[in-house]
$ cat final-v5.txt   # compact mmCIF, N, CA and C atoms
# COMPACT_ATOMS: atom_id res chain seq x y z
N MET E 813 19.99 -15.09 2.66
CA MET E 813 19.67 -13.68 2.84
C MET E 813 18.18 -13.43 2.61
N LYS E 814 17.55 -14.19 1.70
CA LYS E 814 16.13 -13.99 1.45
C LYS E 814 15.31 -14.33 2.68
N GLY E 815 15.74 -15.32 3.44
CA GLY E 815 15.03 -15.69 4.66
C GLY E 815 15.01 -14.54 5.65
N TYR E 816 16.10 -13.79 5.71
CA TYR E 816 16.17 -12.63 6.59
C TYR E 816 15.12 -11.59 6.22
N ARG E 817 14.98 -11.35 4.93
CA ARG E 817 14.00 -10.36 4.46
C ARG E 817 12.58 -10.81 4.75
N LEU E 818 12.31 -12.09 4.58
CA LEU E 818 10.99 -12.62 4.88
C LEU E 818 10.67 -12.49 6.36
N TRP E 819 11.64 -12.88 7.20
CA TRP E 819 11.42 -12.79 8.64
C TRP E 819 11.26 -11.34 9.10
N ALA E 820 12.04 -10.44 8.53
CA ALA E 820 11.92 -9.02 8.89
C ALA E 820 10.53 -8.50 8.54
N SER E 821 10.02 -8.88 7.38
CA SER E 821 8.68 -8.45 6.96
C SER E 821 7.62 -9.06 7.85
N LEU E 822 7.78 -10.34 8.18
CA LEU E 822 6.81 -11.03 9.03
C LEU E 822 6.78 -10.41 10.43
N ILE E 823 7.94 -10.16 11.00
CA ILE E 823 8.02 -9.55 12.33
C ILE E 823 7.43 -8.15 12.31
N PHE E 824 7.71 -7.38 11.26
CA PHE E 824 7.15 -6.04 11.11
C PHE E 824 5.63 -6.10 11.10
N GLY E 825 5.06 -7.02 10.33
CA GLY E 825 3.61 -7.17 10.27
C GLY E 825 3.01 -7.58 11.61
N LEU E 826 3.66 -8.51 12.30
CA LEU E 826 3.15 -8.95 13.61
C LEU E 826 3.21 -7.82 14.64
N VAL E 827 4.31 -7.07 14.63
CA VAL E 827 4.43 -5.94 15.56
C VAL E 827 3.35 -4.90 15.27
N LEU E 828 3.12 -4.62 13.99
CA LEU E 828 2.06 -3.67 13.63
C LEU E 828 0.71 -4.15 14.11
N PHE E 829 0.40 -5.43 13.87
CA PHE E 829 -0.91 -5.94 14.25
C PHE E 829 -1.09 -5.98 15.76
N PHE E 830 -0.18 -6.64 16.45
CA PHE E 830 -0.35 -6.78 17.90
C PHE E 830 -0.13 -5.47 18.64
N GLY E 831 0.61 -4.55 18.05
CA GLY E 831 0.80 -3.25 18.67
C GLY E 831 -0.39 -2.32 18.53
N THR E 832 -1.30 -2.64 17.62
CA THR E 832 -2.45 -1.76 17.39
C THR E 832 -3.78 -2.37 17.77
N ILE E 833 -3.76 -3.54 18.38
CA ILE E 833 -5.03 -4.14 18.83
C ILE E 833 -5.58 -3.27 19.96
N PRO E 834 -6.87 -2.91 19.86
CA PRO E 834 -7.46 -2.16 20.98
C PRO E 834 -7.44 -3.02 22.25
N PHE E 835 -6.81 -2.51 23.30
CA PHE E 835 -6.66 -3.28 24.53
C PHE E 835 -7.92 -3.28 25.39
N TYR E 836 -8.82 -2.41 25.11
CA TYR E 836 -10.06 -2.34 25.88
C TYR E 836 -11.20 -2.03 24.92
N HIS E 837 -12.40 -2.31 25.40
CA HIS E 837 -13.58 -1.99 24.61
C HIS E 837 -14.29 -0.83 25.29
N ASP E 838 -14.45 0.25 24.57
CA ASP E 838 -15.16 1.42 25.09
C ASP E 838 -16.65 1.14 25.05
N MET E 839 -17.32 1.34 26.19
CA MET E 839 -18.74 1.01 26.26
C MET E 839 -19.59 1.91 25.36
N TYR E 840 -19.05 3.00 24.90
CA TYR E 840 -19.80 3.91 24.03
C TYR E 840 -19.66 3.55 22.55
N ILE E 841 -18.79 2.61 22.25
CA ILE E 841 -18.58 2.17 20.88
C ILE E 841 -19.14 0.75 20.74
N PRO E 842 -19.99 0.51 19.76
CA PRO E 842 -20.53 -0.85 19.58
C PRO E 842 -19.41 -1.87 19.39
N GLU E 843 -19.64 -3.08 19.91
CA GLU E 843 -18.62 -4.13 19.84
C GLU E 843 -18.24 -4.47 18.41
N VAL E 844 -19.19 -4.35 17.49
CA VAL E 844 -18.89 -4.67 16.10
C VAL E 844 -17.84 -3.71 15.54
N PHE E 845 -17.83 -2.46 15.99
CA PHE E 845 -16.83 -1.50 15.52
C PHE E 845 -15.45 -1.86 16.05
N THR E 846 -15.38 -2.37 17.27
CA THR E 846 -14.10 -2.82 17.80
C THR E 846 -13.57 -3.99 16.97
N PHE E 847 -14.46 -4.92 16.62
CA PHE E 847 -14.06 -6.05 15.76
C PHE E 847 -13.61 -5.55 14.40
N VAL E 848 -14.32 -4.60 13.81
CA VAL E 848 -13.95 -4.05 12.50
C VAL E 848 -12.58 -3.38 12.59
N CYS E 849 -12.31 -2.66 13.67
CA CYS E 849 -11.00 -2.02 13.84
C CYS E 849 -9.89 -3.06 13.90
N ILE E 850 -10.12 -4.15 14.62
CA ILE E 850 -9.12 -5.21 14.73
C ILE E 850 -8.88 -5.85 13.35
N ALA E 851 -9.96 -6.14 12.63
CA ALA E 851 -9.83 -6.73 11.30
C ALA E 851 -9.13 -5.78 10.34
N LEU E 852 -9.48 -4.51 10.39
CA LEU E 852 -8.85 -3.51 9.52
C LEU E 852 -7.37 -3.37 9.83
N ASN E 853 -7.03 -3.35 11.11
CA ASN E 853 -5.61 -3.30 11.50
C ASN E 853 -4.87 -4.53 11.00
N GLY E 854 -5.51 -5.70 11.08
CA GLY E 854 -4.88 -6.92 10.60
C GLY E 854 -4.62 -6.89 9.10
N LEU E 855 -5.62 -6.45 8.35
CA LEU E 855 -5.45 -6.36 6.90
C LEU E 855 -4.37 -5.35 6.52
N SER E 856 -4.34 -4.24 7.23
CA SER E 856 -3.33 -3.22 6.96
C SER E 856 -1.93 -3.71 7.33
N ALA E 857 -1.83 -4.45 8.43
CA ALA E 857 -0.53 -5.01 8.82
C ALA E 857 -0.01 -5.97 7.76
N ILE E 858 -0.90 -6.77 7.21
CA ILE E 858 -0.51 -7.69 6.12
C ILE E 858 -0.07 -6.91 4.90
N LEU E 859 -0.83 -5.88 4.54
CA LEU E 859 -0.50 -5.06 3.37
C LEU E 859 0.89 -4.43 3.51
N PHE E 860 1.16 -3.81 4.68
CA PHE E 860 2.44 -3.14 4.86
C PHE E 860 3.59 -4.12 5.03
N ALA E 861 3.34 -5.28 5.61
CA ALA E 861 4.39 -6.30 5.70
C ALA E 861 4.75 -6.81 4.30
N ARG E 862 3.76 -7.01 3.48
CA ARG E 862 4.00 -7.45 2.11
C ARG E 862 4.72 -6.36 1.31
N PHE E 863 4.32 -5.12 1.53
CA PHE E 863 4.98 -3.99 0.87
C PHE E 863 6.46 -3.95 1.25
N LEU E 864 6.74 -4.11 2.55
CA LEU E 864 8.14 -4.12 3.01
C LEU E 864 8.91 -5.27 2.38
N GLN E 865 8.28 -6.44 2.29
CA GLN E 865 8.97 -7.57 1.68
C GLN E 865 9.30 -7.29 0.22
N ARG E 866 8.36 -6.70 -0.50
CA ARG E 866 8.61 -6.38 -1.92
C ARG E 866 9.73 -5.34 -2.06
N VAL E 867 9.77 -4.39 -1.15
CA VAL E 867 10.83 -3.37 -1.20
C VAL E 867 12.18 -4.01 -0.89
N LEU E 868 12.24 -4.85 0.14
CA LEU E 868 13.50 -5.47 0.54
C LEU E 868 14.03 -6.44 -0.51
N THR E 869 13.14 -7.13 -1.20
CA THR E 869 13.57 -8.09 -2.22
C THR E 869 13.68 -7.45 -3.60
N LYS E 870 13.37 -6.16 -3.68
CA LYS E 870 13.43 -5.40 -4.94
C LYS E 870 12.58 -6.04 -6.03
N THR E 871 11.37 -6.48 -5.65
CA THR E 871 10.44 -7.09 -6.59
C THR E 871 9.16 -6.26 -6.70
N LEU E 872 9.28 -4.97 -6.50
CA LEU E 872 8.12 -4.08 -6.57
C LEU E 872 8.01 -3.53 -7.99
N THR E 873 7.33 -4.29 -8.84
CA THR E 873 7.17 -3.90 -10.24
C THR E 873 6.10 -2.81 -10.37
N ALA E 874 5.97 -2.26 -11.56
CA ALA E 874 4.97 -1.21 -11.81
C ALA E 874 3.56 -1.73 -11.53
N GLU E 875 3.28 -2.96 -11.94
CA GLU E 875 1.96 -3.54 -11.70
C GLU E 875 1.70 -3.72 -10.21
N ARG E 876 2.69 -4.19 -9.49
CA ARG E 876 2.54 -4.38 -8.04
C ARG E 876 2.42 -3.04 -7.32
N ARG E 877 3.14 -2.03 -7.81
CA ARG E 877 3.01 -0.69 -7.22
C ARG E 877 1.59 -0.19 -7.35
N ALA E 878 0.99 -0.41 -8.50
CA ALA E 878 -0.39 0.02 -8.72
C ALA E 878 -1.35 -0.72 -7.79
N MET E 879 -1.13 -2.02 -7.63
CA MET E 879 -1.97 -2.80 -6.72
C MET E 879 -1.81 -2.33 -5.28
N PHE E 880 -0.58 -2.06 -4.86
CA PHE E 880 -0.36 -1.58 -3.51
C PHE E 880 -0.97 -0.19 -3.31
N ALA E 881 -0.88 0.65 -4.33
CA ALA E 881 -1.47 1.99 -4.23
C ALA E 881 -2.97 1.91 -4.04
N VAL E 882 -3.63 1.07 -4.81
CA VAL E 882 -5.08 0.91 -4.70
C VAL E 882 -5.44 0.33 -3.33
N GLY E 883 -4.74 -0.71 -2.92
CA GLY E 883 -4.99 -1.31 -1.60
C GLY E 883 -4.75 -0.33 -0.47
N THR E 884 -3.70 0.45 -0.59
CA THR E 884 -3.37 1.43 0.44
C THR E 884 -4.44 2.52 0.52
N MET E 885 -4.88 3.01 -0.64
CA MET E 885 -5.93 4.04 -0.63
C MET E 885 -7.24 3.49 -0.07
N PHE E 886 -7.57 2.26 -0.43
CA PHE E 886 -8.80 1.63 0.05
C PHE E 886 -8.80 1.51 1.58
N GLN E 887 -7.73 0.97 2.14
CA GLN E 887 -7.70 0.79 3.59
C GLN E 887 -7.52 2.13 4.30
N ALA E 888 -6.88 3.10 3.66
CA ALA E 888 -6.71 4.42 4.28
C ALA E 888 -8.05 5.12 4.47
N ILE E 889 -8.95 4.93 3.52
CA ILE E 889 -10.29 5.54 3.66
C ILE E 889 -10.97 5.00 4.90
N PHE E 890 -10.91 3.69 5.11
CA PHE E 890 -11.55 3.11 6.29
C PHE E 890 -10.83 3.50 7.58
N HIS E 891 -9.51 3.59 7.53
CA HIS E 891 -8.79 4.04 8.73
C HIS E 891 -9.17 5.49 9.06
N TRP E 892 -9.37 6.31 8.05
CA TRP E 892 -9.78 7.70 8.30
C TRP E 892 -11.13 7.73 9.00
N ILE E 893 -12.04 6.84 8.59
CA ILE E 893 -13.36 6.77 9.23
C ILE E 893 -13.25 6.32 10.68
N PHE E 894 -12.36 5.37 10.95
CA PHE E 894 -12.26 4.79 12.29
C PHE E 894 -11.24 5.47 13.19
N THR E 895 -10.63 6.58 12.78
CA THR E 895 -9.64 7.24 13.63
C THR E 895 -10.23 7.68 14.96
N ILE E 896 -11.49 8.00 14.99
CA ILE E 896 -12.11 8.47 16.23
C ILE E 896 -12.26 7.32 17.24
N MET E 897 -12.26 6.08 16.75
CA MET E 897 -12.49 4.93 17.63
C MET E 897 -11.23 4.14 17.95
N ASN E 898 -10.17 4.33 17.17
CA ASN E 898 -9.01 3.45 17.31
C ASN E 898 -7.74 4.24 17.02
N TRP E 899 -6.85 4.31 17.99
CA TRP E 899 -5.60 5.06 17.77
C TRP E 899 -4.74 4.37 16.72
N GLY E 900 -4.88 3.07 16.55
CA GLY E 900 -4.11 2.35 15.54
C GLY E 900 -4.42 2.84 14.14
N SER E 901 -5.63 3.34 13.94
CA SER E 901 -6.00 3.88 12.63
C SER E 901 -5.17 5.11 12.30
N TRP E 902 -4.81 5.88 13.31
CA TRP E 902 -3.94 7.05 13.08
C TRP E 902 -2.57 6.58 12.57
N LEU E 903 -2.05 5.54 13.18
CA LEU E 903 -0.76 5.00 12.76
C LEU E 903 -0.83 4.50 11.32
N PHE E 904 -1.85 3.71 11.01
CA PHE E 904 -1.97 3.17 9.66
C PHE E 904 -2.28 4.25 8.64
N LEU E 905 -2.98 5.29 9.05
CA LEU E 905 -3.23 6.40 8.14
C LEU E 905 -1.92 7.11 7.80
N GLY E 906 -1.08 7.31 8.81
CA GLY E 906 0.23 7.91 8.57
C GLY E 906 1.11 7.03 7.69
N LEU E 907 1.11 5.73 7.96
CA LEU E 907 1.88 4.80 7.12
C LEU E 907 1.35 4.78 5.69
N SER E 908 0.04 4.93 5.54
CA SER E 908 -0.56 4.96 4.21
C SER E 908 -0.09 6.18 3.43
N ILE E 909 -0.04 7.31 4.09
CA ILE E 909 0.43 8.53 3.42
C ILE E 909 1.89 8.38 3.00
N ILE E 910 2.71 7.85 3.89
CA ILE E 910 4.13 7.63 3.56
C ILE E 910 4.26 6.66 2.40
N ALA E 911 3.51 5.55 2.44
CA ALA E 911 3.58 4.56 1.36
C ALA E 911 3.13 5.15 0.03
N LEU E 912 2.07 5.94 0.05
CA LEU E 912 1.59 6.55 -1.20
C LEU E 912 2.59 7.55 -1.76
N VAL E 913 3.27 8.29 -0.89
CA VAL E 913 4.30 9.22 -1.35
C VAL E 913 5.46 8.44 -1.98
N VAL E 914 5.89 7.38 -1.32
CA VAL E 914 6.98 6.55 -1.85
C VAL E 914 6.59 5.95 -3.20
N LEU E 915 5.37 5.41 -3.29
CA LEU E 915 4.91 4.82 -4.54
C LEU E 915 4.84 5.86 -5.66
N THR E 916 4.40 7.07 -5.33
CA THR E 916 4.31 8.13 -6.33
C THR E 916 5.70 8.56 -6.80
N VAL E 917 6.62 8.74 -5.87
CA VAL E 917 7.98 9.13 -6.23
C VAL E 917 8.63 8.08 -7.11
N VAL E 918 8.49 6.82 -6.74
CA VAL E 918 9.08 5.74 -7.53
C VAL E 918 8.43 5.68 -8.92
N HIS E 919 7.13 5.89 -8.98
CA HIS E 919 6.43 5.88 -10.27
C HIS E 919 6.98 6.95 -11.21
N PHE E 920 7.10 8.17 -10.70
CA PHE E 920 7.60 9.25 -11.55
C PHE E 920 9.09 9.09 -11.86
N LYS E 921 9.83 8.51 -10.95
CA LYS E 921 11.25 8.25 -11.19
C LYS E 921 11.40 7.22 -12.31
N ASP E 922 10.56 6.19 -12.31
CA ASP E 922 10.59 5.19 -13.38
C ASP E 922 10.17 5.79 -14.71
N LYS E 923 9.17 6.65 -14.69
CA LYS E 923 8.71 7.29 -15.93
C LYS E 923 9.83 8.15 -16.52
N LYS E 924 10.56 8.87 -15.65
CA LYS E 924 11.65 9.72 -16.11
C LYS E 924 12.78 8.87 -16.69
N THR E 925 13.07 7.75 -16.05
CA THR E 925 14.11 6.85 -16.51
C THR E 925 13.74 6.23 -17.86
N CYS E 926 12.47 5.92 -18.05
CA CYS E 926 12.03 5.31 -19.31
C CYS E 926 12.11 6.29 -20.47
N LYS E 927 11.93 7.58 -20.21
CA LYS E 927 11.99 8.59 -21.27
C LYS E 927 13.41 8.79 -21.77
N ASP E 928 14.39 8.62 -20.87
CA ASP E 928 15.79 8.87 -21.24
C ASP E 928 16.36 7.81 -22.12
$ encode --input "final-v5.txt" --output "structure tokens"
Amino acid sequence: MKGYRLWASLIFGLVLFFGTIPFYHDMYIPEVFTFVCIALNGLSAILFARFLQRVLTKTLTAERRAMFAVGTMFQAIFHWIFTIMNWGSWLFLGLSIIALVVLTVVHFKDKKTCKD
């Protein structure tokens, strides 16, 4: 069963990455920005695939949640900057917001459980 979760996470990450690669280069945008968008999409796809794997395997500890929150906020800032150049940044920005909401809810749910 663990293999299924790993493959699901891997396929999710690959679909995210290959689905958000800019298919063309706009002549008004420097080539380096297109490369940065591709690299940023790749890093974000890895982050969200790993996040999904941790959720599916129920190994998302408080420390890992904090690391994912920091990583998600960091890449979300760059996606916000690049939204004008890459539609994939809009997708990753939306996923970042969803992930941060989930991480916040789980954090406060754990805090409430620890108090009881």
$ residues_around --input "final-v5.txt" --residues "Leu818 in chain E" --least-positions-apart "3" --cutoff "8 Å" --atoms "all atoms listed in the file" --output "ChimeraX atom specification"
/E:813-815,821-824,864-865,868-869
$ write_last_selection --input "final-v5.txt" --atoms "N, CA and C atoms" --output "PDB file, keeping the file's coordinate frame"
ATOM      1  N   MET E 813      19.990 -15.090   2.660  1.00  0.00           N
ATOM      2  CA  MET E 813      19.670 -13.680   2.840  1.00  0.00           C
ATOM      3  C   MET E 813      18.180 -13.430   2.610  1.00  0.00           C
ATOM      4  N   LYS E 814      17.550 -14.190   1.700  1.00  0.00           N
ATOM      5  CA  LYS E 814      16.130 -13.990   1.450  1.00  0.00           C
ATOM      6  C   LYS E 814      15.310 -14.330   2.680  1.00  0.00           C
ATOM      7  N   GLY E 815      15.740 -15.320   3.440  1.00  0.00           N
ATOM      8  CA  GLY E 815      15.030 -15.690   4.660  1.00  0.00           C
ATOM      9  C   GLY E 815      15.010 -14.540   5.650  1.00  0.00           C
ATOM     10  N   SER E 821      10.020  -8.880   7.380  1.00  0.00           N
ATOM     11  CA  SER E 821       8.680  -8.450   6.960  1.00  0.00           C
ATOM     12  C   SER E 821       7.620  -9.060   7.850  1.00  0.00           C
ATOM     13  N   LEU E 822       7.780 -10.340   8.180  1.00  0.00           N
ATOM     14  CA  LEU E 822       6.810 -11.030   9.030  1.00  0.00           C
ATOM     15  C   LEU E 822       6.780 -10.410  10.430  1.00  0.00           C
ATOM     16  N   ILE E 823       7.940 -10.160  11.000  1.00  0.00           N
ATOM     17  CA  ILE E 823       8.020  -9.550  12.330  1.00  0.00           C
ATOM     18  C   ILE E 823       7.430  -8.150  12.310  1.00  0.00           C
ATOM     19  N   PHE E 824       7.710  -7.380  11.260  1.00  0.00           N
ATOM     20  CA  PHE E 824       7.150  -6.040  11.110  1.00  0.00           C
ATOM     21  C   PHE E 824       5.630  -6.100  11.100  1.00  0.00           C
ATOM     22  N   LEU E 864       6.740  -4.110   2.550  1.00  0.00           N
ATOM     23  CA  LEU E 864       8.140  -4.120   3.010  1.00  0.00           C
ATOM     24  C   LEU E 864       8.910  -5.270   2.380  1.00  0.00           C
ATOM     25  N   GLN E 865       8.280  -6.440   2.290  1.00  0.00           N
ATOM     26  CA  GLN E 865       8.970  -7.570   1.680  1.00  0.00           C
ATOM     27  C   GLN E 865       9.300  -7.290   0.220  1.00  0.00           C
ATOM     28  N   LEU E 868      12.240  -4.850   0.140  1.00  0.00           N
ATOM     29  CA  LEU E 868      13.500  -5.470   0.540  1.00  0.00           C
ATOM     30  C   LEU E 868      14.030  -6.440  -0.510  1.00  0.00           C
ATOM     31  N   THR E 869      13.140  -7.130  -1.200  1.00  0.00           N
ATOM     32  CA  THR E 869      13.570  -8.090  -2.220  1.00  0.00           C
ATOM     33  C   THR E 869      13.680  -7.450  -3.600  1.00  0.00           C
TER      34      THR E 869
END
$ residues_around --input "final-v5.txt" --residues "Gly831 in chain E" --least-positions-apart "4" --cutoff "7 Å" --atoms "only N, CA and C atoms" --output "list of chain:residue names"
E:Leu826, E:Val827, E:Gly900
$ closest_residue --input "final-v5.txt" --among "E:Ile909, E:Val867, E:Met897, E:Leu915" --to "Thr846 in chain E" --atoms "all atoms listed in the file"
E:Met897
$ atom_distance --input "final-v5.txt" --atom1 "atom C of Met879 in chain E" --atom2 "atom C of Trp892 in chain E"
19.8 Å
$ atom_distance --input "final-v5.txt" --atom1 "atom C of Ile833 in chain E" --atom2 "atom C of Thr895 in chain E"
12.9 Å
$ residues_around --input "final-v5.txt" --residues "Met885 in chain E" --least-positions-apart "5" --cutoff "12 Å" --atoms "only C-alpha atoms" --output "PyMOL selection string"
chain E and resi 856+859+878-880+890-892+904-913+915
$ atom_distance --input "final-v5.txt" --atom1 "atom C of Val914 in chain E" --atom2 "atom N of Cys849 in chain E"
26.8 Å
$ closest_residue --input "final-v5.txt" --among "E:Leu852, E:Phe829, E:Pro834, E:Phe920" --to "Asn898 in chain E" --atoms "only N, CA and C atoms"
E:Pro834
